[in-house]
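Novice: Input file: start.cif. Contents: mmCIF, C-alpha atoms and all ligand atoms.
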```
data_run
#
loop_
_atom_site.group_PDB
_atom_site.id
_atom_site.type_symbol
_atom_site.label_atom_id
_atom_site.label_comp_id
_atom_site.auth_asym_id
_atom_site.auth_seq_id
_atom_site.Cartn_x
_atom_site.Cartn_y
_atom_site.Cartn_z
ATOM 1 C CA MET A 16 120.999 127.590 103.940
ATOM 2 C CA GLY A 17 118.990 124.557 104.837
ATOM 3 C CA THR A 18 115.614 126.187 105.227
ATOM 4 C CA GLY A 19 112.872 127.391 102.979
ATOM 5 C CA HIS A 20 110.474 130.181 103.773
ATOM 6 C CA HIS A 21 106.737 130.452 103.932
ATOM 7 C CA ALA A 22 105.110 133.454 102.366
ATOM 8 C CA ASP A 23 105.068 135.046 105.807
ATOM 9 C CA GLY A 24 108.823 134.822 105.972
ATOM 10 C CA LYS A 25 109.051 132.181 108.697
ATOM 11 C CA PRO A 26 111.643 129.540 107.972
ATOM 12 C CA VAL A 27 110.246 126.064 107.571
ATOM 13 C CA PRO A 28 112.226 122.876 107.919
ATOM 14 C CA GLN A 29 113.177 121.048 104.796
ATOM 15 C CA PHE A 30 113.816 117.397 104.592
ATOM 16 C CA VAL A 31 117.406 116.645 103.919
ATOM 17 C CA LEU A 32 118.422 113.436 102.252
ATOM 18 C CA THR A 33 121.910 112.455 103.216
ATOM 19 C CA ALA A 34 124.128 110.052 101.390
ATOM 20 C CA ALA A 35 124.706 106.373 101.929
ATOM 21 C CA GLU A 36 128.471 106.559 101.823
ATOM 22 C CA GLU A 37 128.646 105.209 105.353
ATOM 23 C CA GLY A 38 127.105 101.907 104.386
ATOM 24 C CA PRO A 39 123.568 100.587 104.765
ATOM 25 C CA HIS A 40 121.127 103.448 104.874
ATOM 26 C CA GLU A 41 117.697 103.748 106.272
ATOM 27 C CA ARG A 42 115.028 102.487 103.947
ATOM 28 C CA LEU A 43 111.932 104.609 104.144
ATOM 29 C CA LEU A 44 109.927 102.031 102.247
ATOM 30 C CA MET A 45 110.519 98.502 101.146
ATOM 31 C CA PRO A 46 112.260 97.930 97.842
ATOM 32 C CA VAL A 47 109.812 97.974 94.986
ATOM 33 C CA LEU A 48 111.780 96.165 92.350
ATOM 34 C CA VAL A 49 115.156 94.785 91.529
ATOM 35 C CA SER A 50 116.471 95.321 88.056
ATOM 36 C CA GLY A 51 116.917 92.194 85.977
ATOM 37 C CA GLN A 52 115.233 89.997 88.557
ATOM 38 C CA ASP A 53 112.907 88.255 86.155
ATOM 39 C CA ASP A 54 115.036 87.895 83.102
ATOM 40 C CA GLY A 55 116.339 84.464 83.925
ATOM 41 C CA GLY A 56 119.722 85.873 84.711
ATOM 42 C CA ALA A 57 120.841 86.157 81.120
ATOM 43 C CA GLY A 58 119.842 89.763 80.652
ATOM 44 C CA SER A 59 116.848 90.927 78.696
ATOM 45 C CA GLY A 60 118.923 92.224 75.848
ATOM 46 C CA VAL A 61 117.065 95.506 76.104
ATOM 47 C CA ILE A 62 119.265 98.338 74.931
ATOM 48 C CA VAL A 63 118.153 101.833 75.751
ATOM 49 C CA LYS A 64 119.184 104.176 72.964
ATOM 50 C CA ALA A 65 121.073 101.377 71.273
ATOM 51 C CA GLY A 66 124.696 102.044 70.689
ATOM 52 C CA ARG A 67 125.074 104.443 73.572
ATOM 53 C CA ILE A 68 125.843 101.808 76.194
ATOM 54 C CA GLY A 69 128.724 99.620 75.245
ATOM 55 C CA HIS A 70 132.200 101.064 75.196
ATOM 56 C CA GLY A 71 132.019 101.895 78.876
ATOM 57 C CA LYS A 72 131.281 98.314 79.898
ATOM 58 C CA GLY A 73 134.959 97.431 79.668
ATOM 59 C CA LEU A 74 136.500 100.520 81.243
ATOM 60 C CA PRO A 75 138.172 100.174 84.655
ATOM 61 C CA ILE A 76 136.160 100.890 87.799
ATOM 62 C CA CYS A 77 137.854 101.196 91.188
ATOM 63 C CA ARG A 78 136.395 98.528 93.469
ATOM 64 C CA THR A 79 136.788 100.710 96.548
ATOM 65 C CA CYS A 80 135.201 103.978 95.446
ATOM 66 C CA GLY A 81 133.334 102.922 92.302
ATOM 67 C CA VAL A 82 134.799 105.642 90.072
ATOM 68 C CA GLN A 83 135.278 104.698 86.441
ATOM 69 C CA TYR A 84 138.303 105.831 84.415
ATOM 70 C CA GLU A 85 138.741 106.318 80.698
ATOM 71 C CA ALA A 86 141.743 103.963 80.503
ATOM 72 C CA PRO A 87 143.580 101.434 82.659
ATOM 73 C CA ARG A 88 145.841 103.015 85.266
ATOM 74 C CA PRO A 89 147.850 101.757 88.242
ATOM 75 C CA ASP A 90 146.128 103.818 90.908
ATOM 76 C CA CYS A 91 142.890 105.587 91.775
ATOM 77 C CA PRO A 92 143.443 109.281 92.581
ATOM 78 C CA VAL A 93 140.122 109.489 94.412
ATOM 79 C CA CYS A 94 141.199 106.703 96.788
ATOM 80 C CA LEU A 95 144.764 107.942 97.176
ATOM 81 C CA ASP A 96 143.387 111.279 98.341
ATOM 82 C CA GLU A 97 143.357 111.724 102.118
ATOM 83 C CA ARG A 98 139.562 111.913 102.144
ATOM 84 C CA GLN A 99 139.217 108.314 100.881
ATOM 85 C CA TYR A 100 141.348 105.229 101.324
ATOM 86 C CA VAL A 101 142.877 102.482 99.228
ATOM 87 C CA GLY A 102 141.261 99.129 99.977
ATOM 88 C CA TRP A 103 143.161 97.015 102.469
ATOM 89 C CA GLU A 104 143.876 94.450 99.754
ATOM 90 C CA GLY A 105 145.502 97.118 97.600
ATOM 91 C CA GLN A 106 144.125 98.742 94.479
ATOM 92 C CA GLN A 107 141.512 96.504 92.814
ATOM 93 C CA TRP A 108 139.676 97.064 89.557
ATOM 94 C CA THR A 109 136.506 95.790 87.956
ATOM 95 C CA THR A 110 134.290 96.697 84.984
ATOM 96 C CA LEU A 111 130.563 96.975 84.369
ATOM 97 C CA ALA A 112 130.712 93.766 82.344
ATOM 98 C CA ARG A 113 132.474 91.950 85.180
ATOM 99 C CA LEU A 114 130.063 93.229 87.803
ATOM 100 C CA ARG A 115 127.115 92.067 85.736
ATOM 101 C CA ALA A 116 128.719 88.664 85.122
ATOM 102 C CA ASP A 117 129.401 88.354 88.845
ATOM 103 C CA GLY A 118 125.695 88.713 89.550
ATOM 104 C CA HIS A 119 125.259 92.384 90.385
ATOM 105 C CA ARG A 120 121.962 93.936 89.386
ATOM 106 C CA GLY A 121 120.404 97.353 89.635
ATOM 107 C CA ARG A 122 118.156 98.223 92.546
ATOM 108 C CA LEU A 123 115.399 100.806 92.740
ATOM 109 C CA ASP A 124 113.708 101.807 96.000
ATOM 110 C CA VAL A 125 110.925 104.280 96.631
ATOM 111 C CA GLU A 126 112.475 106.642 99.172
ATOM 112 C CA ARG A 127 109.715 109.252 99.465
ATOM 113 C CA PRO A 128 107.226 110.937 97.149
ATOM 114 C CA GLY A 129 108.930 111.736 93.889
ATOM 115 C CA VAL A 130 112.268 110.275 94.912
ATOM 116 C CA ILE A 131 113.589 106.833 93.972
ATOM 117 C CA GLY A 132 116.839 105.418 95.283
ATOM 118 C CA VAL A 133 119.146 103.884 92.696
ATOM 119 C CA GLY A 134 121.815 101.389 93.661
ATOM 120 C CA ALA A 135 123.014 97.857 93.099
ATOM 121 C CA VAL A 136 122.632 94.414 94.692
ATOM 122 C CA PRO A 137 124.982 93.039 95.791
ATOM 123 C CA SER A 138 126.356 96.449 96.613
ATOM 124 C CA VAL A 139 129.133 98.007 94.549
ATOM 125 C CA ALA A 140 132.039 99.956 96.095
ATOM 126 C CA VAL A 141 130.783 101.520 99.347
ATOM 127 C CA ASP A 142 127.122 101.005 98.445
ATOM 128 C CA GLN A 143 126.562 104.509 97.197
ATOM 129 C CA ARG A 144 122.991 105.456 96.467
ATOM 130 C CA ALA A 145 121.834 107.820 93.784
ATOM 131 C CA LEU A 146 118.415 109.458 93.844
ATOM 132 C CA LEU A 147 116.138 109.747 90.855
ATOM 133 C CA ILE A 148 114.104 112.905 91.375
ATOM 134 C CA ARG A 149 110.916 112.695 89.364
ATOM 135 C CA SER A 150 109.867 116.075 88.124
ATOM 136 C CA PRO A 151 107.215 117.108 85.589
ATOM 137 C CA SER A 152 109.897 118.987 83.704
ATOM 138 C CA GLY A 153 112.132 115.919 83.518
ATOM 139 C CA ASN A 154 113.811 113.554 85.922
ATOM 140 C CA VAL A 155 117.118 114.474 87.517
ATOM 141 C CA LEU A 156 119.578 111.871 88.744
ATOM 142 C CA TRP A 157 121.210 113.246 91.858
ATOM 143 C CA ASP A 158 124.582 111.671 92.582
ATOM 144 C CA CYS A 159 125.662 108.505 90.865
ATOM 145 C CA VAL A 160 126.720 104.930 91.503
ATOM 146 C CA GLY A 161 129.363 102.602 90.112
ATOM 147 C CA TYR A 162 126.863 100.408 88.342
ATOM 148 C CA LEU A 163 124.591 100.407 85.294
ATOM 149 C CA ASP A 164 123.296 97.683 83.045
ATOM 150 C CA ASP A 165 120.746 97.568 80.259
ATOM 151 C CA ASP A 166 117.983 96.254 82.520
ATOM 152 C CA LEU A 167 118.472 99.059 85.012
ATOM 153 C CA ALA A 168 118.621 101.611 82.215
ATOM 154 C CA HIS A 169 115.404 100.215 80.788
ATOM 155 C CA GLU A 170 113.618 100.423 84.124
ATOM 156 C CA VAL A 171 114.753 103.998 84.634
ATOM 157 C CA GLU A 172 113.608 104.761 81.108
ATOM 158 C CA GLU A 173 110.164 103.449 82.047
ATOM 159 C CA LEU A 174 110.154 105.876 84.977
ATOM 160 C CA GLY A 175 110.609 108.707 82.505
ATOM 161 C CA GLY A 176 114.320 108.506 81.835
ATOM 162 C CA ILE A 177 116.811 111.139 82.917
ATOM 163 C CA SER A 178 116.999 114.712 81.661
ATOM 164 C CA ALA A 179 119.987 115.791 83.722
ATOM 165 C CA ILE A 180 122.528 114.342 86.144
ATOM 166 C CA ALA A 181 124.243 116.271 88.934
ATOM 167 C CA VAL A 182 126.831 114.890 91.340
ATOM 168 C CA SER A 183 127.715 116.224 94.779
ATOM 169 C CA HIS A 184 131.404 115.292 94.910
ATOM 170 C CA PRO A 185 133.949 112.787 93.530
ATOM 171 C CA HIS A 186 133.031 109.925 95.878
ATOM 172 C CA PHE A 187 129.762 109.729 93.935
ATOM 173 C CA TYR A 188 131.149 110.059 90.410
ATOM 174 C CA GLY A 189 130.791 106.301 89.864
ATOM 175 C CA VAL A 190 130.053 105.579 86.220
ATOM 176 C CA MET A 191 128.381 108.960 85.690
ATOM 177 C CA THR A 192 129.665 109.279 82.142
ATOM 178 C CA GLU A 193 128.044 105.955 81.273
ATOM 179 C CA TRP A 194 124.758 107.093 82.808
ATOM 180 C CA GLY A 195 124.972 110.348 80.892
ATOM 181 C CA ARG A 196 125.625 108.569 77.613
ATOM 182 C CA ALA A 197 122.869 106.021 78.221
ATOM 183 C CA PHE A 198 120.281 108.758 78.635
ATOM 184 C CA ASP A 199 121.906 111.438 76.500
ATOM 185 C CA ALA A 200 121.822 113.630 79.601
ATOM 186 C CA PRO A 201 124.244 116.344 80.681
ATOM 187 C CA VAL A 202 126.266 115.639 83.846
ATOM 188 C CA TYR A 203 126.737 118.761 85.970
ATOM 189 C CA ILE A 204 130.003 118.988 87.903
ATOM 190 C CA HIS A 205 131.385 122.067 89.650
ATOM 191 C CA GLU A 206 134.507 123.198 87.864
ATOM 192 C CA ALA A 207 136.484 123.259 91.127
ATOM 193 C CA ASP A 208 136.382 119.442 91.072
ATOM 194 C CA ARG A 209 137.255 119.023 87.411
ATOM 195 C CA GLU A 210 140.564 117.304 88.256
ATOM 196 C CA TRP A 211 138.698 114.348 89.801
ATOM 197 C CA VAL A 212 136.686 113.421 86.722
ATOM 198 C CA GLY A 213 138.012 110.024 85.647
ATOM 199 C CA ARG A 214 136.224 109.664 82.345
ATOM 200 C CA PRO A 215 135.955 113.053 80.647
ATOM 201 C CA ASP A 216 133.258 113.475 78.029
ATOM 202 C CA PRO A 217 131.630 116.396 76.210
ATOM 203 C CA LEU A 218 128.370 115.682 78.054
ATOM 204 C CA ILE A 219 129.992 116.685 81.360
ATOM 205 C CA LYS A 220 129.028 120.301 81.940
ATOM 206 C CA TYR A 221 131.290 122.201 84.321
ATOM 207 C CA TRP A 222 129.587 125.027 86.125
ATOM 208 C CA ALA A 223 131.129 127.834 88.150
ATOM 209 C CA GLY A 224 130.116 130.148 90.969
ATOM 210 C CA ASP A 225 127.784 129.667 93.918
ATOM 211 C CA THR A 226 124.563 128.506 92.284
ATOM 212 C CA HIS A 227 123.455 127.024 88.997
ATOM 213 C CA PRO A 228 119.873 126.230 87.897
ATOM 214 C CA ILE A 229 119.578 122.929 86.030
ATOM 215 C CA ALA A 230 115.807 122.619 85.668
ATOM 216 C CA PRO A 231 112.688 124.497 86.768
ATOM 217 C CA GLY A 232 112.803 124.618 90.565
ATOM 218 C CA MET A 233 116.104 122.754 90.770
ATOM 219 C CA THR A 234 119.244 124.640 91.699
ATOM 220 C CA LEU A 235 122.754 123.428 92.373
ATOM 221 C CA ILE A 236 124.548 125.154 95.255
ATOM 222 C CA ASN A 237 128.288 125.046 95.763
ATOM 223 C CA ALA A 238 128.614 124.335 99.481
ATOM 224 C CA GLY A 239 132.285 123.352 99.440
ATOM 225 C CA THR A 240 133.505 121.835 102.753
ATOM 226 C CA HIS A 241 134.093 118.186 101.756
ATOM 227 C CA PHE A 242 135.487 119.140 98.332
ATOM 228 C CA ALA A 243 136.036 122.600 96.843
ATOM 229 C CA GLY A 244 133.330 121.848 94.308
ATOM 230 C CA GLY A 245 131.067 120.135 96.842
ATOM 231 C CA THR A 246 127.511 120.584 95.636
ATOM 232 C CA VAL A 247 124.031 120.254 97.088
ATOM 233 C CA LEU A 248 120.759 120.368 95.173
ATOM 234 C CA HIS A 249 117.737 122.427 96.162
ATOM 235 C CA TRP A 250 114.374 121.252 94.843
ATOM 236 C CA ALA A 251 111.814 123.973 95.374
ATOM 237 C CA ASP A 252 108.830 122.076 93.985
ATOM 238 C CA ASP A 253 109.003 118.769 95.809
ATOM 239 C CA PRO A 254 105.659 116.929 96.119
ATOM 240 C CA GLU A 255 105.527 117.515 99.873
ATOM 241 C CA GLY A 256 105.592 121.231 99.258
ATOM 242 C CA ARG A 257 108.320 122.131 101.710
ATOM 243 C CA GLY A 258 111.322 122.308 99.434
ATOM 244 C CA ALA A 259 113.973 119.630 99.610
ATOM 245 C CA LEU A 260 117.703 119.804 99.975
ATOM 246 C CA PHE A 261 119.766 116.940 98.604
ATOM 247 C CA SER A 262 123.010 117.083 100.466
ATOM 248 C CA GLY A 263 125.101 114.120 99.335
ATOM 249 C CA ASP A 264 127.377 113.952 102.333
ATOM 250 C CA ILE A 265 128.516 117.521 101.880
ATOM 251 C CA PHE A 266 126.682 118.017 105.129
ATOM 252 C CA MET A 267 124.774 115.507 107.172
ATOM 253 C CA VAL A 268 121.906 115.710 109.596
ATOM 254 C CA VAL A 269 123.199 114.177 112.820
ATOM 255 C CA MET A 270 121.149 111.910 115.080
ATOM 256 C CA ASP A 271 119.993 114.838 117.187
ATOM 257 C CA ARG A 272 118.380 116.255 114.025
ATOM 258 C CA ARG A 273 118.803 119.841 115.242
ATOM 259 C CA TRP A 274 122.273 119.930 113.776
ATOM 260 C CA VAL A 275 124.033 119.307 110.552
ATOM 261 C CA SER A 276 127.677 118.334 110.472
ATOM 262 C CA PHE A 277 130.403 118.961 107.937
ATOM 263 C CA MET A 278 133.237 116.509 107.488
ATOM 264 C CA TYR A 279 136.325 116.953 105.356
ATOM 265 C CA SER A 280 136.687 113.163 105.344
ATOM 266 C CA ILE A 281 134.021 110.797 106.618
ATOM 267 C CA PRO A 282 135.879 107.439 106.471
ATOM 268 C CA ASP A 283 139.053 108.982 107.873
ATOM 269 C CA PHE A 284 137.329 111.183 110.500
ATOM 270 C CA ILE A 285 138.921 114.434 109.410
ATOM 271 C CA PRO A 286 136.648 117.105 110.844
ATOM 272 C CA GLY A 287 135.026 119.983 109.066
ATOM 273 C CA GLY A 288 132.611 121.630 111.515
ATOM 274 C CA THR A 289 129.102 121.691 112.892
ATOM 275 C CA VAL A 290 126.345 124.284 112.745
ATOM 276 C CA ALA A 291 122.771 124.364 113.885
ATOM 277 C CA ALA A 292 120.284 123.239 111.253
ATOM 278 C CA GLY A 293 118.644 126.285 109.764
ATOM 279 C CA GLU A 294 121.657 128.539 109.869
HETATM 280 ZN ZN ZN B 1 138.993 104.576 94.058
#
```
Would you mind writing the structure in this file as structure tokens?

Specialist:
Amino acid sequence: MGTGHHADGKPVPQFVLTAAEEGPHERLLMPVLVSGQDDGGAGSGVIVKAGRIGHGKGLPICRTCGVQYEAPRPDCPVCLDERQYVGWEGQQWTTLARLRADGHRGRLDVERPGVIGVGAVPSVAVDQRALLIRSPSGNVLWDCVGYLDDDLAHEVEELGGISAIAVSHPHFYGVMTEWGRAFDAPVYIHEADREWVGRPDPLIKYWAGDTHPIAPGMTLINAGTHFAGGTVLHWADDPEGRGALFSGDIFMVVMDRRWVSFMYSIPDFIPGGTVAAGE
């Protein structure tokens, strides 16, 4: 795993996009636009697929991990798990409506050809970043964030919308159900991680086994390690022609760049293992 092959059978390196769960991530290019920046702060009132965004604006979102739940609850299972942590101030909740009122806005950044980073400013939770993969057969949102508003949805719609959403592991679930409903897109989750889904919905599609194609040239791979259902996405037809692997933080390219590392827990330094890139 981790390499593609030329026609002559030689492995070629793929670029690997790792997650931003560790905080500020490297920007490959400057931000191109900030959602809602020019609307005078009151919101444009644009509703994408009117009626689909709404109910979720008031549902509880964990401030530490950004995962949204279908109803109020005293605790966040994702944060109580040994791979995450409860915020030092104790369990705190917010909502999409509160985040918007507090001044958060969507953020889109060109990351590389065909790939746009999706996040929020100021950051939400641990500043997760999703990636909008722009494909002729339909855009795929890889991973998710704990933020969405109508302006951001409108701007993503102008980029071609979203045909499918896939999430690597529970630390990136965010408000994935809201994103799915906003774009009427299926959300692909490996069934081994079903217990972590905070806001179940018929649009969440649980898949099983080692691999699952979600679009032409796009295949989900169950890599496990961090979570049993830990998933990476292989894009065979990326614009740079080398094949791309979207790894979440299921595995990470280390600074040496000849290695990838697996961690059971990143914030709590619980090790997983290390292998040479290309194995
Ligand atoms: Zn949490």

Novice: Mind listing as a ChimeraX atom specification all residues within 8 Å of (121.4, 124.8, 94.1), counting only C-alpha atoms?

Specialist: /A:226-228,233-237,246-250

Novice: Name the residues, by chain letter and number, that sit within 12 Å of ligand ZN 1 (chain B) using all atoms listed in the file, and give them as a ChimeraX atom specification.

Specialist: /A:75-84,88-102,105-109,139-141,161,185-190,211-213

Novice: Please give the centre and size of the box around stretch 256-260 of chain A (axis-aligned, containing every atom listed in the file, 3 Å added per side), with values in Å to one decimal and written as AutoDock Vina command-line options.

Specialist:
```
--center_x 111.6 --center_y 121.0 --center_z 100.5 --size_x 18.1 --size_y 8.7 --size_z 8.5
```

Novice: Excluding same-chain residues fewer than 3 positions from A:Val155, what lies within 6 Å of it counting all atoms listed in the file, as an MDAnalysis selection string?

Specialist: chainID A and resid 147:148 177:180

Novice: Mind giving me the straight-line distance from atom CA of A:Gly256 to atom CA of A:Gly129 in Å, one decimal?

Specialist: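 Answer for the atom CA of A:Gly256 to atom CA of A:Gly129 separation: 11.4 Å.
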
Novice: What gap, in Å, lies between atom CA of A:Asp117 and atom CA of A:Gly73?

Specialist: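 Distance between the two atoms: 14.1 Å.
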
Novice: For the atom pair atom CA of A:Glu255 and atom CA of A:Arg127, what is the interatomic distance in Å to one decimal place?

Specialist: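 Atom-to-atom, atom CA of A:Glu255 to atom CA of A:Arg127, that is 9.3 Å.
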
Novice: Step by step, work through what the PyMOL selection byres (((chain A and resi 197-203) around 7) and not hetatm) selects in the shown file, and finish by giving those residues as a PyMOL selection string.

Specialist: chain A and resi 63-64+67-68+176-182+193-196+204-205+218-222

Novice: Rank nothing, just name the residue among A:Thr192, A:Thr240, A:Thr110, A:Ser150 nearest to A:Ile131, using all atoms listed in the file.

Specialist: A:Ser150

Novice: Reconstruct stretch 150-162 of chain A at the level of N, CA and C atoms, and format the result as a PDB file, in the frame of the given file.

Specialist:
```
ATOM      1  N   SER A 150     110.412 114.732  88.262  1.00  0.00           N
ATOM      2  CA  SER A 150     109.867 116.075  88.124  1.00  0.00           C
ATOM      3  C   SER A 150     109.082 116.168  86.824  1.00  0.00           C
ATOM      4  N   PRO A 151     107.989 116.949  86.833  1.00  0.00           N
ATOM      5  CA  PRO A 151     107.215 117.108  85.589  1.00  0.00           C
ATOM      6  C   PRO A 151     108.052 117.665  84.442  1.00  0.00           C
ATOM      7  N   SER A 152     109.072 118.400  84.764  1.00  0.00           N
ATOM      8  CA  SER A 152     109.897 118.987  83.704  1.00  0.00           C
ATOM      9  C   SER A 152     111.030 118.059  83.274  1.00  0.00           C
ATOM     10  N   GLY A 153     111.079 116.870  83.872  1.00  0.00           N
ATOM     11  CA  GLY A 153     112.132 115.919  83.518  1.00  0.00           C
ATOM     12  C   GLY A 153     112.827 115.411  84.767  1.00  0.00           C
ATOM     13  N   ASN A 154     113.171 114.150  84.746  1.00  0.00           N
ATOM     14  CA  ASN A 154     113.811 113.554  85.922  1.00  0.00           C
ATOM     15  C   ASN A 154     115.273 113.977  86.025  1.00  0.00           C
ATOM     16  N   VAL A 155     115.713 114.164  87.254  1.00  0.00           N
ATOM     17  CA  VAL A 155     117.118 114.474  87.517  1.00  0.00           C
ATOM     18  C   VAL A 155     117.710 113.343  88.345  1.00  0.00           C
ATOM     19  N   LEU A 156     118.851 112.840  87.934  1.00  0.00           N
ATOM     20  CA  LEU A 156     119.578 111.871  88.744  1.00  0.00           C
ATOM     21  C   LEU A 156     120.564 112.630  89.609  1.00  0.00           C
ATOM     22  N   TRP A 157     120.332 112.565  90.915  1.00  0.00           N
ATOM     23  CA  TRP A 157     121.210 113.246  91.858  1.00  0.00           C
ATOM     24  C   TRP A 157     122.224 112.234  92.401  1.00  0.00           C
ATOM     25  N   ASP A 158     123.477 112.569  92.257  1.00  0.00           N
ATOM     26  CA  ASP A 158     124.582 111.671  92.582  1.00  0.00           C
ATOM     27  C   ASP A 158     124.560 110.442  91.667  1.00  0.00           C
ATOM     28  N   CYS A 159     125.566 109.628  91.784  1.00  0.00           N
ATOM     29  CA  CYS A 159     125.662 108.505  90.865  1.00  0.00           C
ATOM     30  C   CYS A 159     126.231 107.303  91.602  1.00  0.00           C
ATOM     31  N   VAL A 160     126.236 106.184  90.929  1.00  0.00           N
ATOM     32  CA  VAL A 160     126.720 104.930  91.503  1.00  0.00           C
ATOM     33  C   VAL A 160     127.686 104.288  90.506  1.00  0.00           C
ATOM     34  N   GLY A 161     128.390 103.278  90.966  1.00  0.00           N
ATOM     35  CA  GLY A 161     129.363 102.602  90.112  1.00  0.00           C
ATOM     36  C   GLY A 161     128.781 101.425  89.368  1.00  0.00           C
ATOM     37  N   TYR A 162     127.508 101.526  89.034  1.00  0.00           N
ATOM     38  CA  TYR A 162     126.863 100.408  88.342  1.00  0.00           C
ATOM     39  C   TYR A 162     125.803 100.909  87.373  1.00  0.00           C
TER      40      TYR A 162
END
```
